[in-house]
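Coordinates as given in work11.txt (compact mmCIF, C-alpha atoms):
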```txt
# COMPACT_ATOMS: atom_id res chain seq x y z
CA MET J 1 24.66 8.00 7.73
CA PRO J 2 21.89 9.66 5.76
CA ARG J 3 18.32 8.62 6.39
CA PHE J 4 16.03 7.30 3.66
CA ARG J 5 12.30 6.77 3.38
CA ILE J 6 11.56 3.56 1.48
CA ALA J 7 8.03 2.81 0.26
CA ILE J 8 7.14 -0.85 -0.32
CA HIS J 9 4.10 -2.48 -1.87
CA ILE J 10 3.22 -6.03 -0.86
CA VAL J 11 0.41 -7.58 -2.89
CA PRO J 12 -1.22 -11.01 -3.17
CA ARG J 13 0.56 -13.02 -5.86
CA GLN J 14 -1.17 -12.86 -9.26
CA GLY J 15 -3.53 -15.78 -9.75
CA LEU J 16 -3.92 -16.57 -6.07
CA LEU J 17 -7.22 -15.95 -4.34
CA ASP J 18 -7.57 -12.46 -2.90
CA PRO J 19 -10.60 -12.81 -0.60
CA GLN J 20 -10.19 -9.31 0.83
CA GLY J 21 -10.17 -7.82 -2.67
CA LYS J 22 -13.25 -9.84 -3.59
CA ALA J 23 -15.05 -8.64 -0.47
CA VAL J 24 -14.23 -5.01 -1.27
CA THR J 25 -15.41 -5.45 -4.87
CA ASP J 26 -18.73 -6.85 -3.66
CA ALA J 27 -19.15 -4.07 -1.11
CA LEU J 28 -18.48 -1.41 -3.76
CA HIS J 29 -21.08 -3.00 -6.04
CA THR J 30 -23.60 -2.97 -3.19
CA LEU J 31 -22.90 0.74 -2.70
CA GLY J 32 -23.65 1.38 -6.36
CA PHE J 33 -20.15 1.50 -7.88
CA ALA J 34 -21.14 -0.77 -10.76
CA ALA J 35 -18.16 0.27 -12.92
CA VAL J 36 -15.70 -1.51 -10.62
CA HIS J 37 -14.38 -4.74 -12.11
CA ASP J 38 -11.71 -5.85 -9.70
CA VAL J 39 -9.95 -4.77 -6.52
CA HIS J 40 -6.66 -6.01 -5.12
CA VAL J 41 -5.80 -5.27 -1.51
CA GLY J 42 -2.20 -5.26 -0.41
CA ARG J 43 -0.02 -3.49 2.10
CA HIS J 44 1.80 -0.20 1.77
CA LEU J 45 4.79 0.12 4.09
CA VAL J 46 6.97 3.15 4.62
CA ILE J 47 10.28 2.40 6.32
CA GLU J 48 12.58 5.10 7.62
CA ALA J 49 16.11 3.80 7.96
CA ASP J 50 19.74 4.91 7.86
CA ALA J 51 21.84 3.66 4.96
CA ALA J 52 25.08 4.53 3.20
CA ASP J 53 23.28 5.44 -0.01
CA ARG J 54 20.08 4.95 -1.96
CA ALA J 55 21.09 1.55 -3.37
CA ALA J 56 21.99 0.24 0.09
CA ALA J 57 18.64 1.46 1.44
CA GLU J 58 16.74 -0.37 -1.29
CA GLN J 59 18.77 -3.56 -0.81
CA SER J 60 18.18 -3.44 2.92
CA ALA J 61 14.42 -3.03 2.40
CA ARG J 62 14.40 -6.01 0.03
CA THR J 63 16.11 -8.14 2.66
CA MET J 64 13.52 -7.05 5.25
CA CYS J 65 10.73 -8.11 2.90
CA GLU J 66 12.33 -11.51 2.32
CA LYS J 67 12.98 -12.14 6.02
CA LEU J 68 9.87 -10.71 7.65
CA LEU J 69 7.49 -8.44 5.80
CA ALA J 70 6.24 -10.47 2.84
CA ASN J 71 4.98 -14.04 2.77
CA PRO J 72 7.14 -15.68 0.06
CA ILE J 73 4.44 -18.25 -0.72
CA THR J 74 1.50 -15.96 -1.30
CA GLU J 75 2.79 -12.43 -1.80
CA ASP J 76 4.92 -10.36 -4.15
CA PHE J 77 6.69 -7.20 -3.05
CA SER J 78 8.16 -4.25 -4.87
CA VAL J 79 10.10 -1.19 -3.76
CA ALA J 80 7.93 1.70 -4.93
CA SER J 81 10.28 4.55 -4.07
CA VAL J 82 13.39 5.49 -2.12
CA SER J 83 13.76 9.13 -1.09
CA ALA J 84 15.89 11.09 1.31
CA ALA J 85 14.03 11.50 4.62
CA MET I 1 -15.96 3.24 -21.59
CA PRO I 2 -12.20 2.83 -21.16
CA ARG I 3 -10.90 0.93 -18.18
CA PHE I 4 -8.48 2.43 -15.67
CA ARG I 5 -6.27 1.01 -12.96
CA ILE I 6 -6.26 3.29 -9.91
CA ALA I 7 -3.71 2.76 -7.12
CA ILE I 8 -4.63 4.09 -3.69
CA HIS I 9 -2.62 4.41 -0.50
CA ILE I 10 -4.45 4.44 2.82
CA VAL I 11 -2.26 5.21 5.82
CA PRO I 12 -2.79 5.84 9.53
CA ARG I 13 -3.25 9.56 10.10
CA GLN I 14 -0.02 11.35 11.11
CA GLY I 15 0.28 11.64 14.86
CA LEU I 16 -2.10 8.80 15.63
CA LEU I 17 -0.81 5.58 17.13
CA ASP I 18 0.26 3.01 14.55
CA PRO I 19 0.55 -0.18 16.63
CA GLN I 20 1.16 -2.37 13.57
CA GLY I 21 4.02 -0.13 12.46
CA LYS I 22 5.47 -0.20 15.98
CA ALA I 23 5.28 -4.00 16.06
CA VAL I 24 7.05 -4.26 12.70
CA THR I 25 9.77 -1.83 13.85
CA ASP I 26 10.38 -3.94 16.97
CA ALA I 27 10.46 -7.17 14.96
CA LEU I 28 12.98 -5.69 12.51
CA HIS I 29 15.19 -4.60 15.42
CA THR I 30 15.01 -8.11 16.85
CA LEU I 31 16.13 -9.48 13.48
CA GLY I 32 19.15 -7.19 13.53
CA PHE I 33 17.98 -4.31 11.34
CA ALA I 34 19.22 -1.70 13.81
CA ALA I 35 19.22 1.12 11.22
CA VAL I 36 15.42 1.15 11.06
CA HIS I 37 13.90 4.14 12.86
CA ASP I 38 10.25 3.96 12.02
CA VAL I 39 7.75 1.93 10.01
CA HIS I 40 4.26 2.91 8.93
CA VAL I 41 1.90 0.22 7.75
CA GLY I 42 -1.00 1.13 5.52
CA ARG I 43 -3.00 -0.43 2.72
CA HIS I 44 -2.30 -0.44 -0.99
CA LEU I 45 -5.41 -0.91 -3.13
CA VAL I 46 -5.56 -1.33 -6.87
CA ILE I 47 -9.00 -0.76 -8.33
CA GLU I 48 -9.88 -1.61 -11.92
CA ALA I 49 -12.91 0.34 -13.05
CA ASP I 50 -14.51 1.81 -16.15
CA ALA I 51 -14.66 5.60 -16.37
CA ALA I 52 -15.14 8.27 -18.99
CA ASP I 53 -11.62 9.61 -18.53
CA ARG I 54 -8.70 9.73 -16.14
CA ALA I 55 -10.15 12.57 -14.02
CA ALA I 56 -13.48 10.76 -13.64
CA ALA I 57 -11.64 7.59 -12.59
CA GLU I 58 -9.72 9.46 -9.91
CA GLN I 59 -12.82 11.24 -8.64
CA SER I 60 -14.69 7.94 -8.48
CA ALA I 61 -11.86 6.34 -6.47
CA ARG I 62 -11.87 9.27 -4.04
CA THR I 63 -15.60 8.81 -3.48
CA MET I 64 -15.04 5.08 -2.83
CA CYS I 65 -12.41 5.95 -0.22
CA GLU I 66 -14.74 8.41 1.49
CA LYS I 67 -17.71 6.03 1.50
CA LEU I 68 -16.08 2.68 2.23
CA LEU I 69 -12.36 2.15 1.95
CA ALA I 70 -10.78 4.60 4.39
CA ASN I 71 -11.74 5.30 7.97
CA PRO I 72 -12.24 9.10 8.01
CA ILE I 73 -11.38 9.31 11.72
CA THR I 74 -8.07 7.51 11.73
CA GLU I 75 -6.80 7.27 8.16
CA ASP I 76 -5.65 9.44 5.29
CA PHE I 77 -5.83 8.31 1.68
CA SER I 78 -4.16 9.42 -1.50
CA VAL I 79 -4.51 8.41 -5.13
CA ALA I 80 -1.03 7.21 -6.06
CA SER I 81 -1.58 6.68 -9.77
CA VAL I 82 -4.22 6.34 -12.48
CA SER I 83 -3.26 4.40 -15.59
CA ALA I 84 -5.09 2.85 -18.52
CA ALA I 85 -5.76 -0.84 -17.79
```

So, in terms of structure tokens, how does the structure I just supplied come out?
Amino acid sequence: MPRFRIAIHIVPRQGLLDPQGKAVTDALHTLGFAAVHDVHVGRHLVIEADAADRAAAEQSARTMCEKLLANPITEDFSVASVSAA
Amino acid sequence: MPRFRIAIHIVPRQGLLDPQGKAVTDALHTLGFAAVHDVHVGRHLVIEADAADRAAAEQSARTMCEKLLANPITEDFSVASVSAA
């Protein structure tokens, strides 16, 4: 089976508190980056996996997010890209 | 000044240990995702900031990574996208 590299973004759900993003915003202001309005901090995962084709690779990654990688209460995930590895 | 949304990826430097990625790989195997070979876990930041233009926004984000966001010893960063907010 061909191997694919799937990039996933997992971010705090819109409207929920993002304390890490708030902390980074404050730290950037302290360092003088006054033009920064907002920062959101999420996770960027790159999964290398075998799959029959590109669609199967993406579906498999979505299942992994639902079962393990993302917190369904507080986080949203998206598949950013699927490329041949 | 116009506002831009800058997406940044910060990942463990190639060749360095990525214990979080290893832990996720093992957990996925335990859950039955045998086709997974490797997982890398990094951070995905979205910064909203004012800047004169797109190039200035990207340069500003790079400076933020160098000064605060990325660990220069263990991490690599890249600017994934710059879009008008």

Using all atoms listed in the file, determine which residues lie at most 6 Å from Ala51 of chain I, disregarding the query and same-chain residues fewer than 4 positions distant; provide the list as a PyMOL selection string.
chain I and resi 1+56-57

Set the distance at 10 Å and use all atoms listed in the file: which residues neighbour Ile10 of chain J once local chain neighbours fewer than 6 positions away are removed? I'd like the list as a ChimeraX atom specification.
/J:41-45,65,69-71,75-80 /I:43-44

Define the interface residues of chain I facing chain J as those within 7 Å, counting all atoms listed in the file, and report them as a list in words.
His9, Ala35, Val36, His37, Asp38, Val39, His40, Val41, Gly42, Arg43, His44, Leu45, Val46, Ile47, Glu48, Ala49 and Asp50 of chain I

Generate the output file for the selected residues, C-alpha atoms, as a short mmCIF file (atom, residue, chain, number, x, y, z; two decimals), keeping the file's coordinate frame.
```cif
data_model
loop_
_atom_site.label_atom_id
_atom_site.label_comp_id
_atom_site.auth_asym_id
_atom_site.auth_seq_id
_atom_site.Cartn_x
_atom_site.Cartn_y
_atom_site.Cartn_z
CA HIS I 9 -2.62 4.41 -0.50
CA ALA I 35 19.22 1.12 11.22
CA VAL I 36 15.42 1.15 11.06
CA HIS I 37 13.90 4.14 12.86
CA ASP I 38 10.25 3.96 12.02
CA VAL I 39 7.75 1.93 10.01
CA HIS I 40 4.26 2.91 8.93
CA VAL I 41 1.90 0.22 7.75
CA GLY I 42 -1.00 1.13 5.52
CA ARG I 43 -3.00 -0.43 2.72
CA HIS I 44 -2.30 -0.44 -0.99
CA LEU I 45 -5.41 -0.91 -3.13
CA VAL I 46 -5.56 -1.33 -6.87
CA ILE I 47 -9.00 -0.76 -8.33
CA GLU I 48 -9.88 -1.61 -11.92
CA ALA I 49 -12.91 0.34 -13.05
CA ASP I 50 -14.51 1.81 -16.15
#
```

If chain J is fitted onto chain I by least squares over all C-alpha atoms, taken pair by pair in sequence order, what do its new coordinates look like as an mmCIF file with C-alpha atoms, in the coordinates of the input?
```
data_model
loop_
_atom_site.group_PDB
_atom_site.id
_atom_site.type_symbol
_atom_site.label_atom_id
_atom_site.label_comp_id
_atom_site.auth_asym_id
_atom_site.auth_seq_id
_atom_site.Cartn_x
_atom_site.Cartn_y
_atom_site.Cartn_z
ATOM 1 C CA MET J 1 -15.949 3.246 -21.607
ATOM 2 C CA PRO J 2 -12.214 2.836 -21.175
ATOM 3 C CA ARG J 3 -10.915 0.940 -18.184
ATOM 4 C CA PHE J 4 -8.490 2.437 -15.670
ATOM 5 C CA ARG J 5 -6.284 0.999 -12.962
ATOM 6 C CA ILE J 6 -6.260 3.285 -9.923
ATOM 7 C CA ALA J 7 -3.711 2.768 -7.140
ATOM 8 C CA ILE J 8 -4.625 4.098 -3.687
ATOM 9 C CA HIS J 9 -2.614 4.401 -0.499
ATOM 10 C CA ILE J 10 -4.452 4.438 2.820
ATOM 11 C CA VAL J 11 -2.249 5.206 5.816
ATOM 12 C CA PRO J 12 -2.776 5.849 9.532
ATOM 13 C CA ARG J 13 -3.226 9.580 10.100
ATOM 14 C CA GLN J 14 -0.002 11.354 11.118
ATOM 15 C CA GLY J 15 0.302 11.618 14.883
ATOM 16 C CA LEU J 16 -2.100 8.797 15.653
ATOM 17 C CA LEU J 17 -0.816 5.570 17.138
ATOM 18 C CA ASP J 18 0.252 3.006 14.557
ATOM 19 C CA PRO J 19 0.539 -0.190 16.630
ATOM 20 C CA GLN J 20 1.150 -2.372 13.576
ATOM 21 C CA GLY J 21 4.017 -0.128 12.474
ATOM 22 C CA LYS J 22 5.475 -0.204 15.979
ATOM 23 C CA ALA J 23 5.272 -3.994 16.053
ATOM 24 C CA VAL J 24 7.058 -4.257 12.701
ATOM 25 C CA THR J 25 9.768 -1.837 13.862
ATOM 26 C CA ASP J 26 10.379 -3.938 16.970
ATOM 27 C CA ALA J 27 10.459 -7.160 14.965
ATOM 28 C CA LEU J 28 12.987 -5.685 12.519
ATOM 29 C CA HIS J 29 15.193 -4.601 15.424
ATOM 30 C CA THR J 30 15.018 -8.116 16.871
ATOM 31 C CA LEU J 31 16.129 -9.486 13.497
ATOM 32 C CA GLY J 32 19.147 -7.193 13.542
ATOM 33 C CA PHE J 33 17.979 -4.298 11.344
ATOM 34 C CA ALA J 34 19.223 -1.698 13.818
ATOM 35 C CA ALA J 35 19.224 1.116 11.227
ATOM 36 C CA VAL J 36 15.418 1.155 11.070
ATOM 37 C CA HIS J 37 13.912 4.146 12.854
ATOM 38 C CA ASP J 38 10.242 3.962 12.037
ATOM 39 C CA VAL J 39 7.750 1.932 10.026
ATOM 40 C CA HIS J 40 4.251 2.901 8.957
ATOM 41 C CA VAL J 41 1.881 0.207 7.755
ATOM 42 C CA GLY J 42 -1.005 1.119 5.516
ATOM 43 C CA ARG J 43 -3.004 -0.420 2.720
ATOM 44 C CA HIS J 44 -2.290 -0.436 -0.986
ATOM 45 C CA LEU J 45 -5.392 -0.903 -3.128
ATOM 46 C CA VAL J 46 -5.555 -1.327 -6.870
ATOM 47 C CA ILE J 47 -9.006 -0.762 -8.346
ATOM 48 C CA GLU J 48 -9.878 -1.617 -11.920
ATOM 49 C CA ALA J 49 -12.907 0.330 -13.061
ATOM 50 C CA ASP J 50 -14.531 1.812 -16.157
ATOM 51 C CA ALA J 51 -14.673 5.595 -16.381
ATOM 52 C CA ALA J 52 -15.161 8.282 -19.006
ATOM 53 C CA ASP J 53 -11.637 9.602 -18.543
ATOM 54 C CA ARG J 54 -8.717 9.733 -16.149
ATOM 55 C CA ALA J 55 -10.165 12.568 -14.043
ATOM 56 C CA ALA J 56 -13.485 10.747 -13.646
ATOM 57 C CA ALA J 57 -11.641 7.581 -12.594
ATOM 58 C CA GLU J 58 -9.710 9.454 -9.916
ATOM 59 C CA GLN J 59 -12.838 11.224 -8.648
ATOM 60 C CA SER J 60 -14.695 7.939 -8.477
ATOM 61 C CA ALA J 61 -11.857 6.338 -6.487
ATOM 62 C CA ARG J 62 -11.875 9.271 -4.059
ATOM 63 C CA THR J 63 -15.594 8.803 -3.488
ATOM 64 C CA MET J 64 -15.040 5.079 -2.830
ATOM 65 C CA CYS J 65 -12.411 5.934 -0.226
ATOM 66 C CA GLU J 66 -14.730 8.406 1.498
ATOM 67 C CA LYS J 67 -17.706 6.027 1.505
ATOM 68 C CA LEU J 68 -16.076 2.683 2.236
ATOM 69 C CA LEU J 69 -12.351 2.152 1.944
ATOM 70 C CA ALA J 70 -10.779 4.601 4.389
ATOM 71 C CA ASN J 71 -11.732 5.312 7.984
ATOM 72 C CA PRO J 72 -12.221 9.114 8.027
ATOM 73 C CA ILE J 73 -11.356 9.314 11.731
ATOM 74 C CA THR J 74 -8.053 7.494 11.734
ATOM 75 C CA GLU J 75 -6.789 7.263 8.167
ATOM 76 C CA ASP J 76 -5.637 9.436 5.286
ATOM 77 C CA PHE J 77 -5.832 8.311 1.677
ATOM 78 C CA SER J 78 -4.160 9.421 -1.508
ATOM 79 C CA VAL J 79 -4.515 8.409 -5.142
ATOM 80 C CA ALA J 80 -1.028 7.222 -6.070
ATOM 81 C CA SER J 81 -1.587 6.685 -9.783
ATOM 82 C CA VAL J 82 -4.228 6.348 -12.478
ATOM 83 C CA SER J 83 -3.279 4.412 -15.608
ATOM 84 C CA ALA J 84 -5.086 2.867 -18.521
ATOM 85 C CA ALA J 85 -5.760 -0.820 -17.791
#
```

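Between atom CA of Asp53 of chain J and atom CA of Gln14 of chain I the interatomic distance comes to 26.5 Å.
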
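Between atom CA of Leu17 of chain I and atom CA of Lys22 of chain J there is a distance of 28.7 Å.
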
Separation of atom CA of Glu66 of chain J and atom CA of Leu16 of chain I, in Å?
28.2 Å
